[in-house]
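What follows is the content of coords_20.txt (compact mmCIF, C-alpha atoms).
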```txt
# COMPACT_ATOMS: atom_id res chain seq x y z
CA MET A 24 -112.18 -49.55 3.25
CA ASN A 25 -108.97 -50.06 5.24
CA THR A 26 -109.92 -48.14 8.39
CA ASN A 27 -110.29 -51.37 10.34
CA ILE A 28 -106.70 -52.44 9.66
CA LYS A 29 -104.50 -51.29 12.54
CA ILE A 30 -100.77 -50.97 11.97
CA ALA A 31 -97.63 -50.43 14.06
CA VAL A 32 -94.68 -48.69 12.41
CA VAL A 33 -91.27 -49.34 13.97
CA ASP A 34 -88.15 -47.59 12.64
CA ASP A 35 -85.39 -45.64 14.33
CA HIS A 36 -85.54 -42.92 11.67
CA LYS A 37 -88.33 -40.45 12.40
CA GLY A 38 -88.56 -39.42 8.74
CA VAL A 39 -89.16 -43.01 7.66
CA ARG A 40 -91.87 -43.43 10.31
CA ARG A 41 -93.57 -40.20 9.21
CA SER A 42 -93.38 -41.13 5.52
CA LEU A 43 -94.80 -44.60 6.16
CA LYS A 44 -97.58 -43.18 8.31
CA THR A 45 -98.51 -40.71 5.56
CA LEU A 46 -98.49 -43.44 2.89
CA LEU A 47 -100.64 -45.69 5.04
CA GLU A 48 -103.13 -42.99 5.98
CA ILE A 49 -103.59 -42.07 2.30
CA LYS A 50 -105.12 -45.54 1.89
CA ASN A 51 -107.07 -45.22 5.16
CA PHE A 52 -104.99 -47.65 7.19
CA LYS A 53 -104.92 -46.75 10.89
CA VAL A 54 -101.44 -46.34 12.41
CA ILE A 55 -102.00 -46.95 16.12
CA ILE A 56 -98.40 -47.35 17.30
CA GLU A 57 -95.16 -45.66 16.28
CA ALA A 58 -91.89 -46.72 17.88
CA ASP A 59 -88.21 -46.01 17.31
CA ASN A 60 -87.01 -49.47 18.39
CA GLY A 61 -88.31 -52.88 19.35
CA ARG A 62 -88.20 -52.28 23.09
CA SER A 63 -90.40 -49.20 22.71
CA LEU A 64 -92.86 -51.20 20.59
CA LEU A 65 -93.13 -53.97 23.18
CA GLU A 66 -93.62 -51.43 25.99
CA GLN A 67 -96.42 -49.76 24.03
CA LEU A 68 -98.07 -53.09 23.23
CA ASN A 69 -98.08 -54.00 26.92
CA VAL A 70 -100.17 -50.94 27.80
CA SER A 71 -102.20 -50.48 24.63
CA SER A 72 -105.92 -51.16 24.54
CA GLU A 73 -105.61 -51.82 20.79
CA ILE A 74 -103.41 -54.46 19.22
CA PRO A 75 -102.28 -53.91 15.63
CA HIS A 76 -103.10 -56.43 12.93
CA LEU A 77 -99.74 -55.80 11.32
CA CYS A 78 -96.31 -54.40 12.19
CA ILE A 79 -93.92 -52.81 9.70
CA LEU A 80 -90.59 -53.51 11.35
CA ASP A 81 -87.16 -52.09 10.54
CA VAL A 82 -84.23 -54.47 10.97
CA ASN A 83 -81.34 -52.27 12.13
CA MET A 84 -82.35 -50.29 15.22
CA PRO A 85 -80.67 -49.40 18.52
CA GLU A 86 -81.64 -51.05 21.83
CA MET A 87 -83.66 -53.88 20.26
CA ASN A 88 -83.24 -54.77 16.59
CA GLY A 89 -85.87 -56.13 14.23
CA PHE A 90 -84.72 -59.74 14.55
CA ASP A 91 -85.18 -59.83 18.33
CA THR A 92 -88.42 -57.86 18.05
CA ALA A 93 -89.89 -60.26 15.49
CA LYS A 94 -89.01 -63.20 17.73
CA ALA A 95 -90.66 -61.52 20.74
CA LEU A 96 -93.78 -60.64 18.74
CA LYS A 97 -94.20 -64.22 17.55
CA LYS A 98 -93.84 -65.44 21.13
CA ASP A 99 -96.27 -63.06 22.85
CA TRP A 100 -98.43 -61.54 20.10
CA GLN A 101 -98.85 -64.33 17.55
CA THR A 102 -101.76 -62.65 15.78
CA ILE A 103 -99.68 -59.66 14.65
CA LYS A 104 -98.41 -60.08 11.09
CA ILE A 105 -94.88 -58.76 10.56
CA ILE A 106 -93.37 -57.11 7.51
CA GLY A 107 -89.60 -56.84 7.79
CA PHE A 108 -88.65 -53.49 6.25
CA SER A 109 -85.03 -52.64 5.50
CA SER A 110 -82.63 -51.30 2.91
CA ASP A 111 -80.41 -54.26 3.85
CA VAL A 112 -81.96 -56.95 1.63
CA ASP A 113 -79.33 -59.43 2.86
CA SER A 114 -81.23 -59.55 6.17
CA LYS A 115 -84.38 -60.92 4.50
CA ASP A 116 -83.75 -64.63 5.19
CA LYS A 117 -82.85 -64.09 8.85
CA MET A 118 -85.86 -61.80 9.35
CA LEU A 119 -88.19 -64.45 7.92
CA MET A 120 -86.52 -67.11 10.06
CA MET A 121 -87.08 -64.98 13.19
CA GLY A 122 -90.81 -64.77 12.52
CA ALA A 123 -91.52 -62.09 9.92
CA ASP A 124 -94.36 -63.02 7.59
CA ALA A 125 -92.90 -61.03 4.70
CA PHE A 126 -90.06 -58.68 3.81
CA LEU A 127 -89.91 -55.47 1.77
CA SER A 128 -86.96 -53.38 0.74
CA LYS A 129 -87.20 -49.74 1.82
CA ASP A 130 -86.93 -48.70 -1.82
CA CYS A 131 -90.16 -50.53 -2.72
CA GLU A 132 -93.03 -48.76 -4.44
CA ALA A 133 -96.00 -47.75 -2.30
CA GLU A 134 -98.24 -50.11 -4.29
CA GLU A 135 -96.03 -53.06 -3.29
CA LEU A 136 -96.54 -52.15 0.36
CA TYR A 137 -100.31 -51.75 -0.06
CA GLN A 138 -100.59 -55.09 -1.88
CA LEU A 139 -98.58 -56.92 0.77
CA ILE A 140 -100.70 -55.47 3.56
CA LYS A 141 -103.84 -56.65 1.75
CA GLU A 142 -102.38 -60.14 1.35
CA LEU A 143 -101.41 -60.42 5.02
CA THR A 144 -104.60 -59.03 6.48
```

Spell out the structure here as structure tokens.
Amino acid sequence: MNTNIKIAVVDDHKGVRRSLKTLLEIKNFKVIIEADNGRSLLEQLNVSSEIPHLCILDVNMPEMNGFDTAKALKKDWQTIKIIGFSSDVDSKDKMLMMGADAFLSKDCEAEELYQLIKELT
């Protein structure tokens, strides 16, 4: 049962956030934070009583991109695993260098996402 695995979904496209949330809830993962950019995520983390085990993090976002967000998460919330999530596969190496634990292309299959979450948590 995955109900104990808490996840944050961060993407500037509302449709992507909704789709990810639906895919995750199908497998009983608990989405506890949704944010449209890194700054919003950090603000929510600062006031949240629950800390996610894992963050699915878009790379290209306004205000605070995924690179800067990953770096901030690794500085202040080291226990949160990070999956860089982008259609720009060229950003994979930089995302990993900034602190992401893994990277997935946005055109991945749902099973790839589920498997990676299992591996990281």

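Closest to A:Ser42 among A:Ala123, A:Leu96, A:Val54, A:Ile74 is A:Val54, based on only C-alpha atoms.
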
>> Using all atoms listed in the file, which protein or nucleic acid residues come within 12 Å of A:Lys97? Drop anything in the same chain fewer than 4 positions from it, and give the result as a list in words.
In response: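 Listing them by chain and then by number gives Leu65, Leu77, Cys78, Phe90, Asp91, Thr92, Ala93, Gln101, Thr102, Ile103, Lys104, Ile105, Met118, Leu119, Met120, Met121, Gly122, Ala123 and Asp124 of chain A.
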
>> Given all atoms listed in the file as the basis, pick out the residue of A:Leu139, A:Val33, A:Val39, A:Ile55 nearest to A:Asn88.
In response: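 Checking each candidate against A:Asn88, we get A:Val33 as the closest.
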
> A:Glu134, A:Glu142, A:Asp59, A:Glu48: which is nearest A:Asn83, counting all atoms listed in the file?
Replying inline: A:Asp59

>> Which residue is closest to A:Phe52? Choose from A:Leu64, A:Val70, A:Leu80, A:Ile28 and count all atoms listed in the file.
In response: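 Checking each candidate against A:Phe52, we get A:Ile28 as the closest.
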
>> Could you tell me how far atom CA of A:Ile79 sits from atom CA of A:Asn60, in Å to one decimal place?
In response: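 Atom CA of A:Asn60 sits 11.6 Å away from atom CA of A:Ile79.
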
> Nearest to A:Glu135: which of A:Ile106, A:Ile56, A:Val112, A:Val82 is it, counting all atoms listed in the file?
Replying inline: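 Among A:Ile106, A:Ile56, A:Val112, A:Val82, it is A:Ile106 that comes nearest to A:Glu135.
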
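Here the question is which of A:His36, A:Leu47, A:Ser71, A:Ser114 gets nearest to A:Ser128 using all atoms listed in the file, and that residue is A:Ser114.
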